[in-house]
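Shown next: final13.pdb, given as PDB, C-alpha atoms.
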ATOM      1  CA  MET A  26     -19.940 -20.519 -15.308
ATOM      2  CA  ALA A  27     -18.304 -19.719 -11.948
ATOM      3  CA  ILE A  28     -18.411 -15.981 -12.700
ATOM      4  CA  GLY A  29     -22.128 -16.262 -13.479
ATOM      5  CA  ILE A  30     -22.805 -18.042 -10.188
ATOM      6  CA  VAL A  31     -20.861 -15.413  -8.216
ATOM      7  CA  LEU A  32     -22.748 -12.612  -9.970
ATOM      8  CA  LEU A  33     -26.096 -14.235  -9.195
ATOM      9  CA  ILE A  34     -25.136 -14.695  -5.551
ATOM     10  CA  THR A  35     -23.814 -11.119  -5.135
ATOM     11  CA  THR A  36     -26.850  -9.670  -6.914
ATOM     12  CA  PHE A  37     -29.568 -11.558  -5.048
ATOM     13  CA  VAL A  38     -28.202 -13.277  -1.911
ATOM     14  CA  VAL A  39     -25.087 -11.778  -0.318
ATOM     15  CA  LYS A  40     -22.650  -9.030  -1.337
ATOM     16  CA  PRO A  41     -19.189  -8.208   0.054
ATOM     17  CA  PHE A  42     -18.351  -4.676   1.210
ATOM     18  CA  SER A  43     -15.222  -3.083   2.596
ATOM     19  CA  ILE A  44     -15.479  -0.485   5.380
ATOM     20  CA  PRO A  45     -13.853   2.746   4.084
ATOM     21  CA  SER A  46     -14.159   5.056   7.107
ATOM     22  CA  GLY A  47     -14.250   5.086  10.886
ATOM     23  CA  SER A  48     -17.884   6.135  11.237
ATOM     24  CA  MET A  49     -18.905   2.701  12.579
ATOM     25  CA  GLU A  50     -16.003   2.235  15.031
ATOM     26  CA  ASN A  51     -15.919   0.350  17.469
ATOM     27  CA  THR A  52     -18.335  -2.042  15.783
ATOM     28  CA  LEU A  53     -16.548  -2.055  12.420
ATOM     29  CA  GLN A  54     -12.981  -0.918  11.746
ATOM     30  CA  VAL A  55     -11.568   0.774   8.640
ATOM     31  CA  GLY A  56     -10.664  -1.970   6.162
ATOM     32  CA  ASP A  57     -12.988  -4.594   7.663
ATOM     33  CA  ARG A  58     -14.812  -6.673   5.081
ATOM     34  CA  ILE A  59     -18.432  -7.670   5.611
ATOM     35  CA  LEU A  60     -20.959  -9.800   3.771
ATOM     36  CA  VAL A  61     -24.371  -8.177   3.472
ATOM     37  CA  ASN A  62     -27.455 -10.389   3.458
ATOM     38  CA  ARG A  63     -29.664  -9.213   0.577
ATOM     39  CA  VAL A  64     -32.583 -11.523   1.423
ATOM     40  CA  VAL A  65     -33.374 -10.825   5.084
ATOM     41  CA  TYR A  66     -35.351  -7.607   4.567
ATOM     42  CA  HIS A  67     -37.679  -9.374   2.152
ATOM     43  CA  THR A  68     -38.648 -11.656   5.046
ATOM     44  CA  ARG A  69     -38.738  -9.189   7.974
ATOM     45  CA  PRO A  70     -38.723  -5.417   8.527
ATOM     46  CA  ILE A  71     -35.677  -3.368   9.476
ATOM     47  CA  VAL A  72     -35.493  -2.944  13.264
ATOM     48  CA  ARG A  73     -33.510  -0.695  15.590
ATOM     49  CA  GLY A  74     -29.953  -1.904  16.011
ATOM     50  CA  ASP A  75     -29.674  -3.495  12.556
ATOM     51  CA  VAL A  76     -26.538  -2.627  10.598
ATOM     52  CA  ILE A  77     -27.643  -1.860   7.052
ATOM     53  CA  VAL A  78     -26.118  -0.848   3.720
ATOM     54  CA  PHE A  79     -27.944   1.698   1.589
ATOM     55  CA  ASP A  80     -27.304   3.766  -1.524
ATOM     56  CA  GLY A  81     -26.911   7.417  -0.586
ATOM     57  CA  THR A  82     -27.037   8.818  -4.128
ATOM     58  CA  ASP A  83     -28.959  12.110  -4.102
ATOM     59  CA  SER A  84     -29.298  11.922  -0.301
ATOM     60  CA  PHE A  85     -25.709  11.947   0.978
ATOM     61  CA  VAL A  86     -23.800  11.980  -2.311
ATOM     62  CA  PRO A  87     -24.788  14.170  -5.266
ATOM     63  CA  ALA A  88     -25.672  12.176  -8.371
ATOM     64  CA  SER A  89     -22.997  14.166 -10.224
ATOM     65  CA  ALA A  90     -20.342  12.461  -8.030
ATOM     66  CA  VAL A  91     -21.324   9.002  -9.298
ATOM     67  CA  PRO A  92     -19.055   7.880 -12.167
ATOM     68  CA  ASP A  93     -20.769   7.995 -15.556
ATOM     69  CA  ARG A  94     -19.852   4.723 -17.262
ATOM     70  CA  ASN A  95     -20.900   3.229 -20.551
ATOM     71  CA  PRO A  96     -22.752  -0.102 -20.225
ATOM     72  CA  VAL A  97     -19.690  -2.278 -20.900
ATOM     73  CA  VAL A  98     -17.428  -0.471 -18.428
ATOM     74  CA  GLY A  99     -20.313  -0.367 -15.933
ATOM     75  CA  ALA A 100     -20.767  -4.139 -16.195
ATOM     76  CA  LEU A 101     -17.032  -4.728 -15.746
ATOM     77  CA  ALA A 102     -16.992  -2.391 -12.727
ATOM     78  CA  TYR A 103     -19.958  -4.281 -11.220
ATOM     79  CA  VAL A 104     -18.141  -7.611 -11.664
ATOM     80  CA  ALA A 105     -14.917  -6.219 -10.171
ATOM     81  CA  GLN A 106     -16.816  -4.723  -7.208
ATOM     82  CA  SER A 107     -18.708  -8.005  -6.696
ATOM     83  CA  PHE A 108     -15.418  -9.884  -6.395
ATOM     84  CA  GLY A 109     -13.908  -7.186  -4.158
ATOM     85  CA  LEU A 110     -11.321  -6.359  -6.828
ATOM     86  CA  MET A 111     -12.434  -2.747  -7.220
ATOM     87  CA  ALA A 112     -13.466  -0.204  -4.611
ATOM     88  CA  PRO A 113     -17.160   0.700  -4.634
ATOM     89  CA  ASP A 114     -18.287   4.054  -6.015
ATOM     90  CA  ASN A 115     -18.586   5.521  -2.488
ATOM     91  CA  THR A 116     -22.356   5.928  -2.744
ATOM     92  CA  GLU A 117     -23.144   3.018  -0.422
ATOM     93  CA  PHE A 118     -23.150   3.596   3.326
ATOM     94  CA  VAL A 119     -22.951   1.129   6.221
ATOM     95  CA  LYS A 120     -24.854   2.443   9.248
ATOM     96  CA  ARG A 121     -26.702   1.266  12.374
ATOM     97  CA  VAL A 122     -30.456   1.866  12.473
ATOM     98  CA  ILE A 123     -31.445   4.043  15.435
ATOM     99  CA  GLY A 124     -34.934   4.999  14.302
ATOM    100  CA  VAL A 125     -37.740   3.336  12.389
ATOM    101  CA  PRO A 126     -40.907   4.846  10.898
ATOM    102  CA  ARG A 127     -42.817   6.966  13.429
ATOM    103  CA  ASP A 128     -39.694   7.469  15.605
ATOM    104  CA  ARG A 129     -38.443  11.017  16.104
ATOM    105  CA  VAL A 130     -34.632  11.183  16.224
ATOM    106  CA  GLU A 131     -32.842  14.336  17.366
ATOM    107  CA  ILE A 132     -29.317  15.341  18.327
ATOM    108  CA  ARG A 133     -29.107  17.992  21.055
ATOM    109  CA  ASP A 134     -25.824  18.974  22.689
ATOM    110  CA  ASP A 135     -24.096  15.915  21.168
ATOM    111  CA  VAL A 136     -26.696  13.572  22.705
ATOM    112  CA  VAL A 137     -28.926  11.420  20.493
ATOM    113  CA  TYR A 138     -32.599  11.321  21.473
ATOM    114  CA  ARG A 139     -35.211   8.922  20.156
ATOM    115  CA  ASN A 140     -38.816   9.796  20.919
ATOM    116  CA  GLY A 141     -37.670  12.257  23.601
ATOM    117  CA  GLU A 142     -35.415   9.791  25.479
ATOM    118  CA  SER A 143     -31.633   9.714  25.230
ATOM    119  CA  VAL A 144     -30.229   6.687  23.438
ATOM    120  CA  ARG A 145     -27.531   4.804  25.335
ATOM    121  CA  THR A 146     -24.086   5.390  23.842
ATOM    122  CA  ARG A 147     -23.329   1.676  24.176
ATOM    123  CA  GLU A 148     -26.209   0.964  21.804
ATOM    124  CA  LEU A 149     -24.880   3.396  19.171
ATOM    125  CA  GLY A 150     -21.161   3.483  19.688
ATOM    126  CA  PRO A 151     -19.380   6.846  19.650
ATOM    127  CA  CYS A 152     -20.941   9.558  17.490
ATOM    128  CA  ARG A 153     -18.627  11.021  14.847
ATOM    129  CA  GLU A 154     -18.833  13.586  12.118
ATOM    130  CA  GLU A 155     -16.933  12.867   8.940
TER     131      GLU A 155
END

Just dump the structure as C-alpha coordinates.
Amino acid sequence: MAIGIVLLITTFVVKPFSIPSGSMENTLQVGDRILVNRVVYHTRPIVRGDVIVFDGTDSFVPASAVPDRNPVVGALAYVAQSFGLMAPDNTEFVKRVIGVPRDRVEIRDDVVYRNGESVRTRELGPCREE
(Lines of atoms letter the chains of each structure in order from A and count residues from 1; the text may use other names and numbers.)
(Lines give C-alpha, C1' and ligand atoms only; values in the text may rest on other atoms or scores of the structure.)
Protein backbone atom coordinates (compact mmCIF):
# COMPACT_ATOMS: atom_id res chain seq x y z
CA MET A 1 0.00 0.00 0.00
CA ALA A 2 2.78 2.45 0.93
CA ILE A 3 4.56 1.80 -2.38
CA GLY A 4 1.33 2.53 -4.25
CA ILE A 5 0.87 5.83 -2.41
CA VAL A 6 4.47 6.88 -3.14
CA LEU A 7 4.05 6.00 -6.82
CA LEU A 8 0.84 8.02 -7.05
CA ILE A 9 2.49 11.01 -5.37
CA THR A 10 5.64 10.87 -7.54
CA THR A 11 3.58 10.41 -10.71
CA PHE A 12 1.05 13.20 -10.15
CA VAL A 13 2.13 15.55 -7.33
CA VAL A 14 5.86 15.80 -6.60
CA LYS A 15 8.93 13.91 -7.83
CA PRO A 16 12.48 13.84 -6.40
CA PHE A 17 15.48 14.57 -8.63
CA SER A 18 19.20 14.62 -8.01
CA ILE A 19 21.37 17.28 -9.68
CA PRO A 20 24.01 15.45 -11.79
CA SER A 21 26.06 18.35 -13.19
CA GLY A 22 27.23 21.87 -12.43
CA SER A 23 25.17 23.61 -15.11
CA MET A 24 22.89 25.25 -12.51
CA GLU A 25 25.62 26.37 -10.08
CA ASN A 26 25.41 28.59 -7.95
CA THR A 27 21.68 27.98 -7.60
CA LEU A 28 21.95 24.19 -7.40
CA GLN A 29 25.08 22.17 -6.63
CA VAL A 30 26.11 18.76 -7.97
CA GLY A 31 24.45 16.13 -5.78
CA ASP A 32 21.68 18.42 -4.49
CA ARG A 33 18.29 16.76 -4.29
CA ILE A 34 15.15 18.66 -5.23
CA LEU A 35 11.43 17.95 -5.19
CA VAL A 36 9.66 19.01 -8.37
CA ASN A 37 6.06 20.20 -8.15
CA ARG A 38 4.12 18.41 -10.90
CA VAL A 39 0.87 20.33 -10.33
CA VAL A 40 1.84 24.01 -10.51
CA TYR A 41 1.99 24.30 -14.31
CA HIS A 42 -1.55 22.99 -14.59
CA THR A 43 -2.64 26.03 -12.58
CA ARG A 44 -0.38 28.76 -14.02
CA PRO A 45 1.94 29.26 -17.00
CA ILE A 46 5.72 28.94 -16.90
CA VAL A 47 7.32 32.36 -16.32
CA ARG A 48 10.85 33.72 -16.64
CA GLY A 49 13.01 32.72 -13.70
CA ASP A 50 11.20 29.44 -13.00
CA VAL A 51 13.44 26.41 -12.52
CA ILE A 52 11.89 23.57 -14.50
CA VAL A 53 12.55 19.91 -15.28
CA PHE A 54 11.91 18.66 -18.80
CA ASP A 55 12.56 15.54 -20.85
CA GLY A 56 15.22 16.25 -23.46
CA THR A 57 14.77 13.03 -25.46
CA ASP A 58 15.17 13.80 -29.17
CA SER A 59 16.04 17.44 -28.35
CA PHE A 60 19.19 17.21 -26.23
CA VAL A 61 19.60 13.44 -25.99
CA PRO A 62 19.13 11.10 -28.96
CA ALA A 63 16.33 8.59 -28.45
CA SER A 64 18.89 5.84 -29.11
CA ALA A 65 20.65 6.82 -25.84
CA VAL A 66 17.55 6.04 -23.77
CA PRO A 67 17.71 2.52 -22.30
CA ASP A 68 15.38 0.07 -24.03
CA ARG A 69 13.68 -1.86 -21.22
CA ASN A 70 10.98 -4.48 -21.26
CA PRO A 71 7.80 -3.45 -19.40
CA VAL A 72 8.68 -5.27 -16.16
CA VAL A 73 12.21 -3.87 -15.93
CA GLY A 74 10.89 -0.45 -16.97
CA ALA A 75 8.33 -0.51 -14.15
CA LEU A 76 10.98 -1.55 -11.62
CA ALA A 77 13.30 1.21 -12.87
CA TYR A 78 10.47 3.75 -12.52
CA VAL A 79 9.83 2.64 -8.92
CA ALA A 80 13.54 2.75 -8.07
CA GLN A 81 13.90 6.22 -9.64
CA SER A 82 10.78 7.44 -7.80
CA PHE A 83 12.31 6.43 -4.47
CA GLY A 84 15.71 7.90 -5.43
CA LEU A 85 17.28 4.43 -5.35
CA MET A 86 18.34 4.50 -9.00
CA ALA A 87 19.84 7.30 -11.06
CA PRO A 88 17.53 8.72 -13.73
CA ASP A 89 18.12 7.89 -17.39
CA ASN A 90 19.86 11.25 -17.98
CA THR A 91 17.14 12.48 -20.33
CA GLU A 92 15.65 14.93 -17.83
CA PHE A 93 17.18 18.38 -17.49
CA VAL A 94 16.88 20.97 -14.71
CA LYS A 95 17.15 24.50 -16.12
CA ARG A 96 16.09 28.10 -15.43
CA VAL A 97 13.61 29.66 -17.85
CA ILE A 98 15.04 32.77 -19.51
CA GLY A 99 12.56 33.09 -22.36
CA VAL A 100 8.88 32.42 -22.87
CA PRO A 101 6.84 32.29 -26.09
CA ARG A 102 7.40 35.36 -28.28
CA ASP A 103 10.76 36.14 -26.59
CA ARG A 104 13.87 36.11 -28.76
CA VAL A 105 16.90 34.73 -26.89
CA GLU A 106 20.41 35.08 -28.31
CA ILE A 107 23.97 34.59 -27.10
CA ARG A 108 26.50 37.02 -28.58
CA ASP A 109 30.08 37.24 -27.33
CA ASP A 110 29.18 35.17 -24.24
CA VAL A 111 26.37 37.60 -23.32
CA VAL A 112 22.75 36.44 -23.18
CA TYR A 113 20.22 38.77 -24.80
CA ARG A 114 16.46 38.58 -24.46
CA ASN A 115 14.46 40.69 -26.89
CA GLY A 116 17.58 42.71 -27.74
CA GLU A 117 18.51 43.56 -24.12
CA SER A 118 21.26 41.86 -22.14
CA VAL A 119 20.04 39.66 -19.31
CA ARG A 120 21.64 40.36 -15.93
CA THR A 121 24.11 37.64 -14.95
CA ARG A 122 22.69 37.65 -11.42
CA GLU A 123 19.34 36.59 -12.85
CA LEU A 124 20.87 33.65 -14.75
CA GLY A 125 23.91 32.67 -12.77
CA PRO A 126 27.15 31.94 -14.63
CA CYS A 127 26.80 30.56 -18.15
CA ARG A 128 28.53 27.22 -18.74
CA GLU A 129 28.94 24.78 -21.56
CA GLU A 130 28.95 21.12 -20.68

Practice item. Could you tell me which residues the PyMOL selection byres ((chain A and resi 80) around 7) returns for this structure, as an MDAnalysis selection string? Key: chainID A and resid 79 81:82 116:118

The PyMOL selection byres ((chain A and resi 95-111) around 9) - which residues does that actually catch in the file I just gave you? List them as a PDB file with C-alpha atoms, in the coordinates of the input.
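This went into out-v1.pdb:
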ATOM      1  CA  ILE A  28     -18.411 -15.981 -12.700  1.00  0.00           C
ATOM      2  CA  VAL A  31     -20.861 -15.413  -8.216  1.00  0.00           C
ATOM      3  CA  LEU A  32     -22.748 -12.612  -9.970  1.00  0.00           C
ATOM      4  CA  THR A  35     -23.814 -11.119  -5.135  1.00  0.00           C
ATOM      5  CA  THR A  36     -26.850  -9.670  -6.914  1.00  0.00           C
ATOM      6  CA  LYS A  40     -22.650  -9.030  -1.337  1.00  0.00           C
ATOM      7  CA  PRO A  41     -19.189  -8.208   0.054  1.00  0.00           C
ATOM      8  CA  PHE A  42     -18.351  -4.676   1.210  1.00  0.00           C
ATOM      9  CA  SER A  43     -15.222  -3.083   2.596  1.00  0.00           C
ATOM     10  CA  ASP A  93     -20.769   7.995 -15.556  1.00  0.00           C
ATOM     11  CA  ARG A  94     -19.852   4.723 -17.262  1.00  0.00           C
ATOM     12  CA  ALA A 112     -13.466  -0.204  -4.611  1.00  0.00           C
ATOM     13  CA  PRO A 113     -17.160   0.700  -4.634  1.00  0.00           C
ATOM     14  CA  ASP A 114     -18.287   4.054  -6.015  1.00  0.00           C
TER      15      ASP A 114
END

Check your understanding: What is the distance between atom CA of Ile123 of chain A and atom CA of Phe37 of chain A, in Å to one decimal?
Key ->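 It comes out at 25.8 Å.
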
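For the pair atom CA of Arg121 of chain A and atom CA of Asp75 of chain A, the interatomic distance is 5.6 Å.
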
Point to revise | Selected residue, from A:Pro87, A:Pro70, A:Pro92, A:Gly141, that lies nearest to Pro126 of chain A when counting all atoms listed in the file | key: A:Pro70

Exercise for review: Mind listing whatever residues come within 6 Å of the point (-29.5, -12.0, -0.9)? Use all atoms listed in the file, file coordinates, and give them as number ranges by chain.
Suggested key: A: 37-39, 62-64

**Study point:** From A:Asn115, A:Gly56, A:Ser46, A:Val72, residue lying nearest Phe85 of chain A [all atoms listed in the file]
**Key:** A:Asn115

Centre and edge lengths of an axis-aligned box around all listed atoms of segment 129-132 of chain A, with 3 Å added on each side, are to be given in Å to one decimal, as AutoDock Vina command-line options.
--center_x -33.9 --center_y 13.2 --center_z 17.2 --size_x 15.1 --size_y 10.3 --size_z 8.2
